[in-house]
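Novice: Sending over input.cif (mmCIF, C-alpha atoms and all ligand atoms).
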data_final
loop_
_atom_site.label_atom_id
_atom_site.label_comp_id
_atom_site.auth_asym_id
_atom_site.auth_seq_id
_atom_site.Cartn_x
_atom_site.Cartn_y
_atom_site.Cartn_z
CA MET A 1 87.22 70.05 -17.66
CA LYS A 2 87.13 67.94 -14.53
CA SER A 3 85.81 70.76 -12.35
CA GLU A 4 82.85 71.31 -14.65
CA ASP A 5 82.02 67.58 -14.62
CA LEU A 6 82.46 67.32 -10.87
CA PHE A 7 80.14 70.28 -10.33
CA LYS A 8 77.46 68.62 -12.47
CA GLU A 9 77.80 65.44 -10.43
CA ALA A 10 77.95 67.33 -7.12
CA LYS A 11 74.60 68.98 -7.83
CA ASN A 12 72.96 65.55 -7.67
CA TYR A 13 74.25 64.91 -4.18
CA LEU A 14 74.90 68.27 -2.50
CA PRO A 15 72.31 71.08 -2.60
CA GLY A 16 73.61 73.52 -5.20
CA GLY A 17 76.69 71.32 -5.63
CA VAL A 18 78.49 72.82 -2.62
CA ASP A 19 78.47 72.79 1.17
CA SER A 20 78.33 76.56 1.67
CA PRO A 21 76.52 78.97 -0.68
CA VAL A 22 79.32 81.38 -1.63
CA ARG A 23 81.34 78.48 -3.08
CA ALA A 24 78.93 78.07 -6.01
CA ILE A 25 81.05 80.24 -8.31
CA LYS A 26 79.52 80.84 -11.73
CA PRO A 27 79.49 79.11 -14.16
CA TYR A 28 81.12 76.41 -12.02
CA PRO A 29 83.66 76.46 -9.17
CA PHE A 30 87.12 75.01 -9.59
CA PHE A 31 87.55 71.91 -7.45
CA ALA A 32 90.64 72.10 -5.28
CA ILE A 33 93.15 69.32 -4.99
CA LYS A 34 95.93 70.94 -2.98
CA GLY A 35 96.97 74.11 -1.19
CA GLU A 36 100.58 75.15 -0.70
CA GLY A 37 101.83 78.49 0.63
CA PRO A 38 100.00 81.27 -1.25
CA ARG A 39 98.60 78.92 -3.91
CA LEU A 40 95.62 76.69 -4.52
CA PHE A 41 95.78 73.92 -7.15
CA ASP A 42 92.74 72.51 -8.94
CA VAL A 43 91.81 69.17 -10.48
CA ASP A 44 92.42 70.52 -14.01
CA GLY A 45 96.06 71.32 -13.36
CA ASN A 46 95.61 75.09 -12.81
CA SER A 47 97.10 77.01 -9.91
CA TYR A 48 95.93 80.25 -8.35
CA LEU A 49 97.47 82.84 -6.08
CA ASP A 50 94.90 82.68 -3.31
CA TYR A 51 93.46 85.80 -1.62
CA CYS A 52 90.39 84.00 -0.32
CA LEU A 53 92.46 81.75 1.95
CA ALA A 54 89.41 79.73 2.97
CA TYR A 55 87.69 83.03 3.88
CA GLY A 56 90.34 84.08 6.33
CA PRO A 57 91.79 81.32 8.47
CA LEU A 58 95.03 80.68 6.55
CA VAL A 59 97.05 83.66 7.71
CA LEU A 60 100.27 81.62 7.43
CA GLY A 61 99.32 80.30 3.98
CA HIS A 62 98.23 76.80 2.95
CA ALA A 63 99.81 73.77 4.62
CA TYR A 64 102.27 75.78 6.72
CA PRO A 65 104.91 73.15 7.57
CA PRO A 66 105.21 73.73 11.37
CA VAL A 67 101.41 73.51 11.73
CA MET A 68 101.25 70.40 9.54
CA GLU A 69 103.98 68.78 11.64
CA ALA A 70 102.32 69.58 14.95
CA VAL A 71 98.99 68.24 13.68
CA SER A 72 100.58 65.06 12.26
CA LYS A 73 102.13 64.36 15.63
CA GLN A 74 98.80 64.89 17.36
CA LEU A 75 96.96 62.76 14.76
CA SER A 76 99.04 59.75 15.62
CA MET A 77 97.88 60.10 19.22
CA GLY A 78 94.16 60.27 18.48
CA THR A 79 91.67 62.84 17.29
CA ALA A 80 89.01 63.24 19.97
CA TYR A 81 88.97 62.22 23.61
CA GLY A 82 85.85 63.48 25.30
CA VAL A 83 88.03 64.53 28.22
CA PRO A 84 90.16 67.66 28.57
CA THR A 85 93.73 68.13 27.34
CA GLU A 86 96.50 70.37 28.64
CA ASN A 87 96.70 72.11 25.27
CA GLU A 88 93.24 73.61 25.83
CA ILE A 89 94.63 75.45 28.86
CA LYS A 90 97.67 76.56 26.85
CA LEU A 91 95.60 77.96 23.99
CA ALA A 92 93.17 79.64 26.40
CA LYS A 93 96.15 81.25 28.18
CA GLU A 94 97.45 82.47 24.84
CA VAL A 95 94.07 84.07 24.04
CA VAL A 96 93.97 85.68 27.49
CA ARG A 97 97.53 86.98 27.11
CA ARG A 98 96.77 88.60 23.75
CA VAL A 99 93.20 89.81 23.92
CA PRO A 100 92.34 92.74 26.21
CA CYS A 101 88.79 91.65 27.17
CA ALA A 102 89.61 87.95 27.51
CA GLU A 103 89.85 86.56 31.05
CA MET A 104 88.37 83.14 30.28
CA VAL A 105 87.63 81.22 27.08
CA ARG A 106 85.12 78.61 25.87
CA PHE A 107 86.21 76.75 22.73
CA VAL A 108 83.50 75.70 20.27
CA ASN A 109 83.58 74.53 16.64
CA SER A 110 82.66 77.49 14.46
CA GLY A 111 82.11 81.22 14.44
CA THR A 112 78.39 80.54 14.23
CA GLU A 113 78.42 78.62 17.49
CA ALA A 114 80.56 81.30 19.10
CA THR A 115 78.17 84.18 18.35
CA MET A 116 75.12 82.08 19.23
CA SER A 117 76.61 81.28 22.62
CA ALA A 118 77.84 84.83 23.23
CA ILE A 119 74.37 86.21 22.56
CA ARG A 120 72.79 83.63 24.88
CA LEU A 121 75.29 84.59 27.56
CA ALA A 122 74.61 88.32 27.11
CA ARG A 123 70.88 87.68 27.44
CA ALA A 124 71.41 85.63 30.58
CA VAL A 125 73.72 88.19 32.17
CA THR A 126 71.43 91.15 31.53
CA GLY A 127 68.08 89.37 31.84
CA LYS A 128 67.04 91.15 28.63
CA SER A 129 66.08 89.73 25.22
CA LYS A 130 66.76 92.09 22.33
CA ILE A 131 70.01 92.49 20.48
CA VAL A 132 71.27 95.05 17.98
CA LYS A 133 73.21 94.07 14.90
CA PHE A 134 74.42 96.20 12.03
CA GLU A 135 72.98 96.05 8.53
CA GLY A 136 75.13 93.84 6.39
CA ALA A 137 77.00 92.34 9.33
CA TYR A 138 77.41 88.56 9.26
CA HIS A 139 77.64 86.65 12.50
CA GLY A 140 77.01 83.15 11.21
CA ALA A 141 74.05 81.11 10.02
CA HIS A 142 71.96 80.79 13.20
CA ASP A 143 68.49 82.22 13.74
CA TYR A 144 69.34 85.09 16.13
CA VAL A 145 71.45 86.93 13.57
CA LEU A 146 70.08 85.83 10.21
CA VAL A 147 68.03 88.93 9.74
CA LYS A 148 67.41 90.83 6.57
CA SER A 149 70.10 93.43 6.18
CA GLY A 150 69.85 96.76 4.50
CA SER A 151 66.10 97.06 4.11
CA GLY A 152 65.68 98.57 7.54
CA ALA A 153 62.76 96.19 7.96
CA PHE A 154 63.24 95.28 11.60
CA GLY A 155 62.52 91.71 12.58
CA LEU A 156 61.95 90.24 9.14
CA PRO A 157 63.51 86.80 8.81
CA ASP A 158 66.13 86.55 6.09
CA SER A 159 65.47 82.92 5.33
CA PRO A 160 62.39 80.74 5.35
CA GLY A 161 62.48 78.60 8.46
CA VAL A 162 63.58 81.40 10.77
CA PRO A 163 60.58 82.28 12.97
CA GLU A 164 59.57 85.91 13.27
CA GLU A 165 59.28 85.34 17.02
CA THR A 166 63.06 84.90 17.01
CA THR A 167 64.07 87.70 14.70
CA LYS A 168 61.74 90.30 16.20
CA ASN A 169 64.31 90.46 18.97
CA THR A 170 67.08 91.37 16.53
CA LEU A 171 67.16 95.08 15.73
CA LEU A 172 69.11 96.55 12.82
CA VAL A 173 71.00 99.81 12.48
CA PRO A 174 73.40 101.17 9.85
CA PHE A 175 77.11 100.81 10.68
CA ASN A 176 78.94 103.99 11.69
CA ASP A 177 75.64 105.77 12.48
CA GLU A 178 75.82 107.20 16.01
CA GLU A 179 72.48 108.97 15.76
CA ALA A 180 70.57 105.83 14.81
CA ILE A 181 72.09 103.96 17.74
CA THR A 182 71.47 106.76 20.23
CA SER A 183 67.84 106.89 19.20
CA LEU A 184 67.40 103.09 19.28
CA VAL A 185 69.08 102.73 22.67
CA GLY A 186 66.94 105.58 24.00
CA LYS A 187 63.79 103.69 23.04
CA GLU A 188 64.82 100.12 23.76
CA LYS A 189 67.42 100.22 26.54
CA GLU A 190 65.24 98.38 29.06
CA GLU A 191 65.08 95.46 26.65
CA LEU A 192 68.51 95.55 24.98
CA ALA A 193 70.86 92.75 26.04
CA ALA A 194 73.68 93.31 23.59
CA ILE A 195 75.12 95.15 20.64
CA ILE A 196 77.09 92.77 18.44
CA LEU A 197 79.36 94.00 15.68
CA GLU A 198 82.26 93.18 13.44
CA PRO A 199 84.64 96.00 14.48
CA VAL A 200 85.80 96.04 10.85
CA MET A 201 82.94 94.82 8.67
CA GLY A 202 84.33 91.99 6.56
CA ASN A 203 81.17 90.55 5.05
CA VAL A 204 80.11 93.50 2.91
CA GLY A 205 83.55 94.02 1.44
CA CYS A 206 85.63 95.76 4.06
CA ILE A 207 84.36 98.71 6.09
CA PRO A 208 86.40 100.18 8.94
CA PRO A 209 84.76 101.94 11.87
CA LYS A 210 84.78 105.75 11.67
CA LYS A 211 87.08 107.45 14.13
CA GLY A 212 85.43 107.41 17.55
CA PHE A 213 82.64 105.00 16.58
CA LEU A 214 83.86 102.06 18.67
CA GLU A 215 84.50 104.38 21.64
CA PHE A 216 80.96 105.69 21.24
CA LEU A 217 79.57 102.12 21.31
CA ARG A 218 81.66 101.29 24.36
CA LYS A 219 80.28 104.30 26.22
CA ILE A 220 76.61 103.95 25.33
CA THR A 221 76.56 100.22 26.14
CA ALA A 222 78.35 100.71 29.47
CA GLU A 223 75.88 103.45 30.46
CA ASN A 224 72.83 101.36 29.66
CA ASN A 225 73.65 97.89 30.98
CA ILE A 226 74.08 96.51 27.45
CA ILE A 227 76.77 93.93 26.69
CA LEU A 228 79.16 94.95 23.92
CA ILE A 229 80.19 91.96 21.79
CA PHE A 230 82.98 92.25 19.24
CA ASP A 231 82.66 89.52 16.65
CA GLU A 232 86.33 89.07 15.79
CA VAL A 233 85.90 85.89 13.76
CA ILE A 234 87.71 87.73 10.93
CA THR A 235 89.74 90.43 12.72
CA GLY A 236 90.88 88.21 15.59
CA PHE A 237 94.60 87.39 15.28
CA ARG A 238 94.55 88.98 11.80
CA ILE A 239 94.93 92.72 12.33
CA ALA A 240 96.95 92.67 15.57
CA GLU A 241 98.10 90.21 18.24
CA GLY A 242 95.02 91.10 20.26
CA GLY A 243 92.72 91.71 17.28
CA ALA A 244 90.57 94.78 16.67
CA GLN A 245 90.30 95.60 20.37
CA GLU A 246 94.06 96.08 20.50
CA TYR A 247 94.20 97.76 17.08
CA PHE A 248 91.55 100.36 17.96
CA GLY A 249 92.10 100.47 21.73
CA VAL A 250 88.50 99.69 22.68
CA THR A 251 87.70 96.77 24.99
CA PRO A 252 84.33 95.02 24.64
CA ASP A 253 82.66 92.80 27.28
CA LEU A 254 82.68 89.66 25.16
CA VAL A 255 84.50 88.60 22.00
CA THR A 256 83.94 85.81 19.50
CA PHE A 257 86.61 84.09 17.44
CA GLY A 258 86.89 81.44 14.73
CA LYS A 259 89.00 81.06 11.60
CA ILE A 260 92.68 81.86 12.44
CA LEU A 261 92.37 80.55 16.01
CA GLY A 262 92.04 77.01 14.60
CA GLY A 263 95.13 77.21 12.40
CA GLY A 264 93.16 75.93 9.39
CA PHE A 265 90.95 73.51 11.32
CA PRO A 266 87.37 74.05 12.52
CA ILE A 267 87.12 76.15 15.66
CA GLY A 268 85.21 78.93 17.35
CA ALA A 269 85.58 80.54 20.75
CA LEU A 270 83.98 83.09 23.01
CA ALA A 271 85.91 84.94 25.63
CA GLY A 272 85.41 87.82 28.01
CA LYS A 273 85.25 89.05 31.54
CA ARG A 274 85.47 86.35 34.18
CA GLU A 275 82.23 87.41 35.90
CA PHE A 276 80.34 86.80 32.63
CA MET A 277 82.23 83.71 31.47
CA GLU A 278 81.68 81.99 34.80
CA ARG A 279 77.97 81.94 34.01
CA ILE A 280 78.72 79.29 31.35
CA ALA A 281 78.01 75.64 32.27
CA PRO A 282 79.31 73.82 34.19
CA ALA A 283 80.71 76.79 36.17
CA GLY A 284 77.33 78.46 35.81
CA ASP A 285 73.81 78.00 34.50
CA VAL A 286 74.06 79.13 30.85
CA TYR A 287 74.11 75.98 28.77
CA GLN A 288 76.79 75.45 26.16
CA ALA A 289 78.27 72.14 25.05
CA GLY A 290 79.79 70.28 22.09
CA THR A 291 81.18 66.84 21.25
CA PHE A 292 84.11 68.40 19.39
CA ASN A 293 84.57 71.49 21.59
CA GLY A 294 88.26 71.97 22.25
CA ASN A 295 89.11 69.01 20.00
CA PRO A 296 92.82 68.16 20.10
CA ILE A 297 93.44 68.66 16.38
CA SER A 298 92.08 72.21 16.11
CA ILE A 299 93.59 73.17 19.45
CA THR A 300 97.03 71.85 18.43
CA ALA A 301 96.87 73.65 15.08
CA GLY A 302 95.77 76.87 16.79
CA LEU A 303 98.47 76.64 19.43
CA GLU A 304 101.21 76.11 16.83
CA THR A 305 99.81 78.94 14.68
CA MET A 306 99.89 81.38 17.59
CA LYS A 307 103.65 80.79 17.97
CA HIS A 308 104.20 82.43 14.59
CA LEU A 309 101.90 85.44 15.10
CA ASP A 310 104.13 87.89 16.95
CA LYS A 311 104.64 91.65 16.60
CA ASP A 312 107.07 91.21 13.67
CA PHE A 313 104.50 89.11 11.86
CA TYR A 314 101.85 91.85 12.11
CA GLN A 315 104.33 94.48 10.98
CA ALA A 316 105.21 92.41 7.92
CA MET A 317 101.50 91.86 7.17
CA ASN A 318 100.85 95.61 7.38
CA VAL A 319 103.60 96.18 4.83
CA LYS A 320 102.10 93.60 2.45
CA GLY A 321 98.64 95.10 2.87
CA LEU A 322 99.93 98.58 2.13
CA GLU A 323 101.77 97.35 -0.96
CA MET A 324 98.57 95.77 -2.27
CA ARG A 325 96.27 98.72 -1.48
CA ARG A 326 98.72 101.36 -2.79
CA GLY A 327 99.24 99.28 -5.95
CA LEU A 328 95.48 99.12 -6.48
CA GLU A 329 95.08 102.85 -5.87
CA ASN A 330 97.75 103.56 -8.50
CA ILE A 331 96.02 101.33 -11.05
CA LEU A 332 92.68 103.03 -10.43
CA GLU A 333 94.26 106.48 -10.64
CA ASP A 334 95.90 105.57 -13.97
CA ALA A 335 92.51 104.42 -15.23
CA SER A 336 90.91 107.69 -13.97
CA LEU A 337 88.55 105.76 -11.71
CA ASN A 338 87.42 106.96 -8.28
CA TYR A 339 86.65 103.55 -6.82
CA PRO A 340 87.54 103.35 -3.12
CA VAL A 341 90.19 100.83 -2.10
CA ALA A 342 89.15 99.62 1.34
CA GLY A 343 90.99 97.73 4.01
CA LEU A 344 93.56 97.73 6.73
CA SER A 345 96.38 95.45 7.80
CA SER A 346 96.15 92.34 5.58
CA MET A 347 92.53 92.95 4.48
CA PHE A 348 91.57 94.66 1.22
CA GLN A 349 88.83 95.14 -1.35
CA ILE A 350 87.93 97.52 -4.18
CA TYR A 351 84.38 98.84 -4.32
CA PHE A 352 83.17 99.34 -7.88
CA THR A 353 81.36 102.57 -7.03
CA ASP A 354 82.17 106.27 -6.98
CA ASN A 355 80.70 106.59 -3.47
CA GLU A 356 82.54 106.48 -0.20
CA VAL A 357 81.64 103.29 1.64
CA TRP A 358 80.90 103.53 5.37
CA ASP A 359 77.86 101.25 5.60
CA TYR A 360 75.87 98.54 3.89
CA SER A 361 73.67 100.80 1.75
CA GLN A 362 76.74 102.59 0.36
CA ALA A 363 78.42 99.22 -0.28
CA LYS A 364 75.34 98.09 -2.14
CA SER A 365 75.77 100.92 -4.65
CA ALA A 366 78.72 98.97 -6.10
CA ASP A 367 78.37 97.59 -9.61
CA THR A 368 78.42 93.82 -9.13
CA GLU A 369 78.59 93.14 -12.87
CA LYS A 370 81.85 95.05 -13.04
CA PHE A 371 83.07 93.14 -10.01
CA ASN A 372 82.18 89.83 -11.67
CA SER A 373 84.06 90.75 -14.83
CA TYR A 374 87.09 91.74 -12.71
CA PHE A 375 86.80 88.47 -10.77
CA GLN A 376 86.71 86.36 -13.96
CA THR A 377 89.72 88.17 -15.48
CA LEU A 378 91.65 87.53 -12.26
CA LEU A 379 90.69 83.87 -12.23
CA GLY A 380 91.75 83.53 -15.88
CA SER A 381 95.10 85.07 -14.88
CA GLY A 382 95.66 82.63 -12.01
CA VAL A 383 94.47 84.85 -9.16
CA PHE A 384 91.64 83.74 -6.87
CA ILE A 385 89.81 86.30 -4.75
CA PRO A 386 86.49 85.65 -2.99
CA PRO A 387 83.85 85.57 -5.73
CA SER A 388 81.72 88.42 -4.40
CA GLN A 389 81.96 92.20 -4.18
CA PHE A 390 80.70 91.75 -0.62
CA GLU A 391 83.53 89.64 0.73
CA CYS A 392 86.97 90.75 1.84
CA CYS A 393 90.31 89.68 0.33
CA PHE A 394 93.10 88.47 2.61
CA LEU A 395 96.87 88.24 2.44
CA SER A 396 98.98 85.61 4.15
CA GLN A 397 102.54 85.46 5.33
CA ALA A 398 103.23 83.19 2.34
CA HIS A 399 102.49 85.91 -0.25
CA SER A 400 105.77 87.40 -1.44
CA SER A 401 106.25 90.86 -2.86
CA GLU A 402 106.70 89.17 -6.23
CA ASP A 403 103.32 87.43 -5.83
CA ILE A 404 101.72 90.77 -4.99
CA GLN A 405 103.26 92.43 -8.05
CA LYS A 406 102.04 89.58 -10.29
CA THR A 407 98.59 89.93 -8.74
CA LEU A 408 98.56 93.68 -9.32
CA GLU A 409 99.33 93.07 -13.01
CA ALA A 410 96.31 90.77 -13.21
CA MET A 411 94.20 93.34 -11.36
CA GLU A 412 95.28 96.04 -13.78
CA LYS A 413 94.16 93.83 -16.65
CA GLY A 414 90.88 93.14 -14.83
CA ILE A 415 90.22 96.84 -14.30
CA LYS A 416 91.29 97.99 -17.76
CA THR A 417 89.11 95.41 -19.54
CA LEU A 418 85.95 96.54 -17.72
N1 LIG A 501 81.26 86.06 12.24
C1 LIG A 501 81.96 86.60 11.25
C2 LIG A 501 82.42 88.01 11.36
C3 LIG A 501 82.27 85.84 10.11
O1 LIG A 501 82.97 86.40 9.11
C4 LIG A 501 81.84 84.50 10.04
C5 LIG A 501 82.15 83.61 8.85
N2 LIG A 501 82.62 84.20 7.73
C6 LIG A 501 81.11 83.99 11.12
C7 LIG A 501 80.84 84.78 12.21
C8 LIG A 501 80.63 82.56 11.12
O2 LIG A 501 81.70 81.71 11.27
P1 LIG A 501 81.60 80.18 10.77
O3 LIG A 501 81.49 80.23 9.29
O4 LIG A 501 82.86 79.56 11.28
O5 LIG A 501 80.40 79.60 11.42
#
Write out the structure in this file as structure tokens.

Specialist:
Amino acid sequence: MKSEDLFKEAKNYLPGGVDSPVRAIKPYPFFAIKGEGPRLFDVDGNSYLDYCLAYGPLVLGHAYPPVMEAVSKQLSMGTAYGVPTENEIKLAKEVVRRVPCAEMVRFVNSGTEATMSAIRLARAVTGKSKIVKFEGAYHGAHDYVLVKSGSGAFGLPDSPGVPEETTKNTLLVPFNDEEAITSLVGKEKEELAAIILEPVMGNVGCIPPKKGFLEFLRKITAENNIILIFDEVITGFRIAEGGAQEYFGVTPDLVTFGKILGGGFPIGALAGKREFMERIAPAGDVYQAGTFNGNPISITAGLETMKHLDKDFYQAMNVKGLEMRRGLENILEDASLNYPVAGLSSMFQIYFTDNEVWDYSQAKSADTEKFNSYFQTLLGSGVFIPPSQFECCFLSQAHSSEDIQKTLEAMEKGIKTL
């Protein structure tokens, strides 16, 4: 087994054998050699129908030919310039055209950088320091947002190396809990710069907002001089042309993007109202910079990708998502199991619990051993989903109805052998 050997070797050179923790699949991850359409191929000659899709970016599938062509053309003309390109304006215009809150855009290199910069901007604009995030929400690996989720222990760093002085300014509340937010805002409004959220939580499985919850957040933030930040690193360009803000009809002050916007290459972006965005350097005084910001490869891939994400695309993705979720519901019903099937548009996940799941603590009631057994059966049947109960599965344009049916057969096996 080449993957097993490579993992052993990797552990000598890369902490934990990987470059990002969730990739350390037990007992060892498969090492990829190629991606094509809906499939990933590994070094041992196996192939997998892929529902991880690099954790979301590959909404057109692996190695989508028009994107590959556009990038190849750009590659032959250089990879980084340190001066602006016209394509940056074109992609920014495309974001502005699609996304309700977006009047201006700053391109960065990852979702992490995007949320870090958006939070800095919100603090600068309001002159306040504290932020609210939701338990179980993931906004990247930087200090402002890496705060213990779920325990309700405000201000406790989640990782050694994150100073308490930083995280004491990050307050936690349960998702979908209007009372908790009303009470927190009542106490802290003079100090609260921003509420940041994933409008659909995609890092604890998949949790949609309750009806009216986003409207409630919009109202309470507007009334209290608090910036509302939608972190659409996952939902952006995935659930609608204009992301969650279009899908749910609620417009935040600032938005962060990553993943799909780069067409399979590293990217991040923040966007929002002109009066806020013009505070960013060099237009304004809020510092933000990056050697690879707006790099021509990611921008070209993003620009080409956007050409294929029109209304028809989102309709087709909704149909695929429904087919998958209905199929799963039927399997669970046949097996007399009450597990909720979560998701919307092209996002889905099963929670291995009998509870409804509207927040992190309910998600945590899921049986992760059952999930792991399900995951391993799927892998053995040539289906790759993210290796954690607390991640979300994604579909791409490249997944055919036949692929979905094959996947549902594997899922049935995975559920029936529990
Ligand atoms: N925000 C959300 C909602 C995410 O899902 C992620 C990554 N999964 C990030 C931010 C961080 O993005 P990146 O990994 O590109 O830094």

Novice: Check which residues fall inside 10 Å of ligand LIG 501 (chain A) when counting all atoms listed in the file, and print them as an MDAnalysis selection string.

Specialist: chainID A and resid 20 54:57 108:116 137:142 145 197:204 230:236 256:259 266:269 391:392

Novice: Generate a file of the selected residues that holds C-alpha atoms, formatted as a PDB file, keeping the file's coordinate frame.

Specialist:
ATOM      1  CA  SER A  20      78.330  76.560   1.670  1.00  0.00           C
ATOM      2  CA  ALA A  54      89.410  79.730   2.970  1.00  0.00           C
ATOM      3  CA  TYR A  55      87.690  83.030   3.880  1.00  0.00           C
ATOM      4  CA  GLY A  56      90.340  84.080   6.330  1.00  0.00           C
ATOM      5  CA  PRO A  57      91.790  81.320   8.470  1.00  0.00           C
ATOM      6  CA  VAL A 108      83.500  75.700  20.270  1.00  0.00           C
ATOM      7  CA  ASN A 109      83.580  74.530  16.640  1.00  0.00           C
ATOM      8  CA  SER A 110      82.660  77.490  14.460  1.00  0.00           C
ATOM      9  CA  GLY A 111      82.110  81.220  14.440  1.00  0.00           C
ATOM     10  CA  THR A 112      78.390  80.540  14.230  1.00  0.00           C
ATOM     11  CA  GLU A 113      78.420  78.620  17.490  1.00  0.00           C
ATOM     12  CA  ALA A 114      80.560  81.300  19.100  1.00  0.00           C
ATOM     13  CA  THR A 115      78.170  84.180  18.350  1.00  0.00           C
ATOM     14  CA  MET A 116      75.120  82.080  19.230  1.00  0.00           C
ATOM     15  CA  ALA A 137      77.000  92.340   9.330  1.00  0.00           C
ATOM     16  CA  TYR A 138      77.410  88.560   9.260  1.00  0.00           C
ATOM     17  CA  HIS A 139      77.640  86.650  12.500  1.00  0.00           C
ATOM     18  CA  GLY A 140      77.010  83.150  11.210  1.00  0.00           C
ATOM     19  CA  ALA A 141      74.050  81.110  10.020  1.00  0.00           C
ATOM     20  CA  HIS A 142      71.960  80.790  13.200  1.00  0.00           C
ATOM     21  CA  VAL A 145      71.450  86.930  13.570  1.00  0.00           C
ATOM     22  CA  LEU A 197      79.360  94.000  15.680  1.00  0.00           C
ATOM     23  CA  GLU A 198      82.260  93.180  13.440  1.00  0.00           C
ATOM     24  CA  PRO A 199      84.640  96.000  14.480  1.00  0.00           C
ATOM     25  CA  VAL A 200      85.800  96.040  10.850  1.00  0.00           C
ATOM     26  CA  MET A 201      82.940  94.820   8.670  1.00  0.00           C
ATOM     27  CA  GLY A 202      84.330  91.990   6.560  1.00  0.00           C
ATOM     28  CA  ASN A 203      81.170  90.550   5.050  1.00  0.00           C
ATOM     29  CA  VAL A 204      80.110  93.500   2.910  1.00  0.00           C
ATOM     30  CA  PHE A 230      82.980  92.250  19.240  1.00  0.00           C
ATOM     31  CA  ASP A 231      82.660  89.520  16.650  1.00  0.00           C
ATOM     32  CA  GLU A 232      86.330  89.070  15.790  1.00  0.00           C
ATOM     33  CA  VAL A 233      85.900  85.890  13.760  1.00  0.00           C
ATOM     34  CA  ILE A 234      87.710  87.730  10.930  1.00  0.00           C
ATOM     35  CA  THR A 235      89.740  90.430  12.720  1.00  0.00           C
ATOM     36  CA  GLY A 236      90.880  88.210  15.590  1.00  0.00           C
ATOM     37  CA  THR A 256      83.940  85.810  19.500  1.00  0.00           C
ATOM     38  CA  PHE A 257      86.610  84.090  17.440  1.00  0.00           C
ATOM     39  CA  GLY A 258      86.890  81.440  14.730  1.00  0.00           C
ATOM     40  CA  LYS A 259      89.000  81.060  11.600  1.00  0.00           C
ATOM     41  CA  PRO A 266      87.370  74.050  12.520  1.00  0.00           C
ATOM     42  CA  ILE A 267      87.120  76.150  15.660  1.00  0.00           C
ATOM     43  CA  GLY A 268      85.210  78.930  17.350  1.00  0.00           C
ATOM     44  CA  ALA A 269      85.580  80.540  20.750  1.00  0.00           C
ATOM     45  CA  GLU A 391      83.530  89.640   0.730  1.00  0.00           C
ATOM     46  CA  CYS A 392      86.970  90.750   1.840  1.00  0.00           C
TER      47      CYS A 392
END

Novice: Just to confirm, what's the straight-line distance from CA of Asp285 (chain A) to CA of Val147 (chain A) in Å (one decimal)?

Specialist: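 Atom-to-atom, CA of Asp285 (chain A) and CA of Val147 (chain A) are spaced 27.7 Å apart.
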
Novice: Give me the residues within 10 Å of Phe248 (chain A) as a PyMOL selection string, counting only C-alpha atoms and dropping any in the same chain fewer than 3 places off.

Specialist: chain A and resi 199+209+211-212+214-215+240+243-245+251

Novice: Which polymer residues have any atom within 8 Å of an atom of Gln288 (chain A), counting only C-alpha atoms, with same-chain residues fewer than 6 positions away left out, as a list in words?

Specialist: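 Near neighbours after the sequence-gap exclusion: Ser117, Ile280 and Ala281 of chain A.
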
Novice: Could you please take those selected residues and save C-alpha atoms as a short mmCIF file (atom, residue, chain, number, x, y, z; two decimals), in the frame of the given file?

Specialist:
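Once everything was written out, this is result-v1.cif:
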data_model
loop_
_atom_site.label_atom_id
_atom_site.label_comp_id
_atom_site.auth_asym_id
_atom_site.auth_seq_id
_atom_site.Cartn_x
_atom_site.Cartn_y
_atom_site.Cartn_z
CA SER A 117 76.61 81.28 22.62
CA ILE A 280 78.72 79.29 31.35
CA ALA A 281 78.01 75.64 32.27
#

Novice: Figure out the distance between CA of Ile415 (chain A) and CA of Gln376 (chain A), please, to one decimal in Å.

Specialist: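 It comes out at 11.1 Å.
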
Novice: Could you check which of A:Glu9, A:Asp403, A:Glu86, A:Glu241 is closest to Tyr48 (chain A), using all atoms listed in the file?

Specialist: A:Asp403

Novice: Within 9 Å of Ile404 (chain A), counting all atoms listed in the file, which residues qualify if same-chain residues fewer than 2 places away don't, as a list of chain:residue names?

Specialist: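 Using all atoms listed in the file, the neighbours found are A:Lys320, A:Glu323, A:Met324, A:Gly327, A:His399, A:Ser400, A:Ser401, A:Glu402, A:Lys406, A:Thr407, A:Leu408, A:Glu409.
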
Novice: Is there a way to get, as a list of chain:residue names, all residues within 9 Å of the point (71.5, 99.3, 33.3) in file coordinates, counting only C-alpha atoms?

Specialist: A:Thr126, A:Lys189, A:Glu190, A:Thr221, A:Ala222, A:Glu223, A:Asn224, A:Asn225, A:Ile226

Novice: Can you tell me, as a ChimeraX atom specification, what residues are no more than 7 Å from region 377-390 of chain A when counting all atoms listed in the file, ignoring any on the same chain fewer than 4 positions away?

Specialist: /A:25,47-52,203-205,368,371,373,407,410-411,414

Novice: With C-alpha atoms retained, export the selected residues as a short mmCIF file (atom, residue, chain, number, x, y, z; two decimals), keeping the file's coordinate frame.

Specialist:
data_model
loop_
_atom_site.label_atom_id
_atom_site.label_comp_id
_atom_site.auth_asym_id
_atom_site.auth_seq_id
_atom_site.Cartn_x
_atom_site.Cartn_y
_atom_site.Cartn_z
CA ILE A 25 81.05 80.24 -8.31
CA SER A 47 97.10 77.01 -9.91
CA TYR A 48 95.93 80.25 -8.35
CA LEU A 49 97.47 82.84 -6.08
CA ASP A 50 94.90 82.68 -3.31
CA TYR A 51 93.46 85.80 -1.62
CA CYS A 52 90.39 84.00 -0.32
CA ASN A 203 81.17 90.55 5.05
CA VAL A 204 80.11 93.50 2.91
CA GLY A 205 83.55 94.02 1.44
CA THR A 368 78.42 93.82 -9.13
CA PHE A 371 83.07 93.14 -10.01
CA SER A 373 84.06 90.75 -14.83
CA THR A 407 98.59 89.93 -8.74
CA ALA A 410 96.31 90.77 -13.21
CA MET A 411 94.20 93.34 -11.36
CA GLY A 414 90.88 93.14 -14.83
#
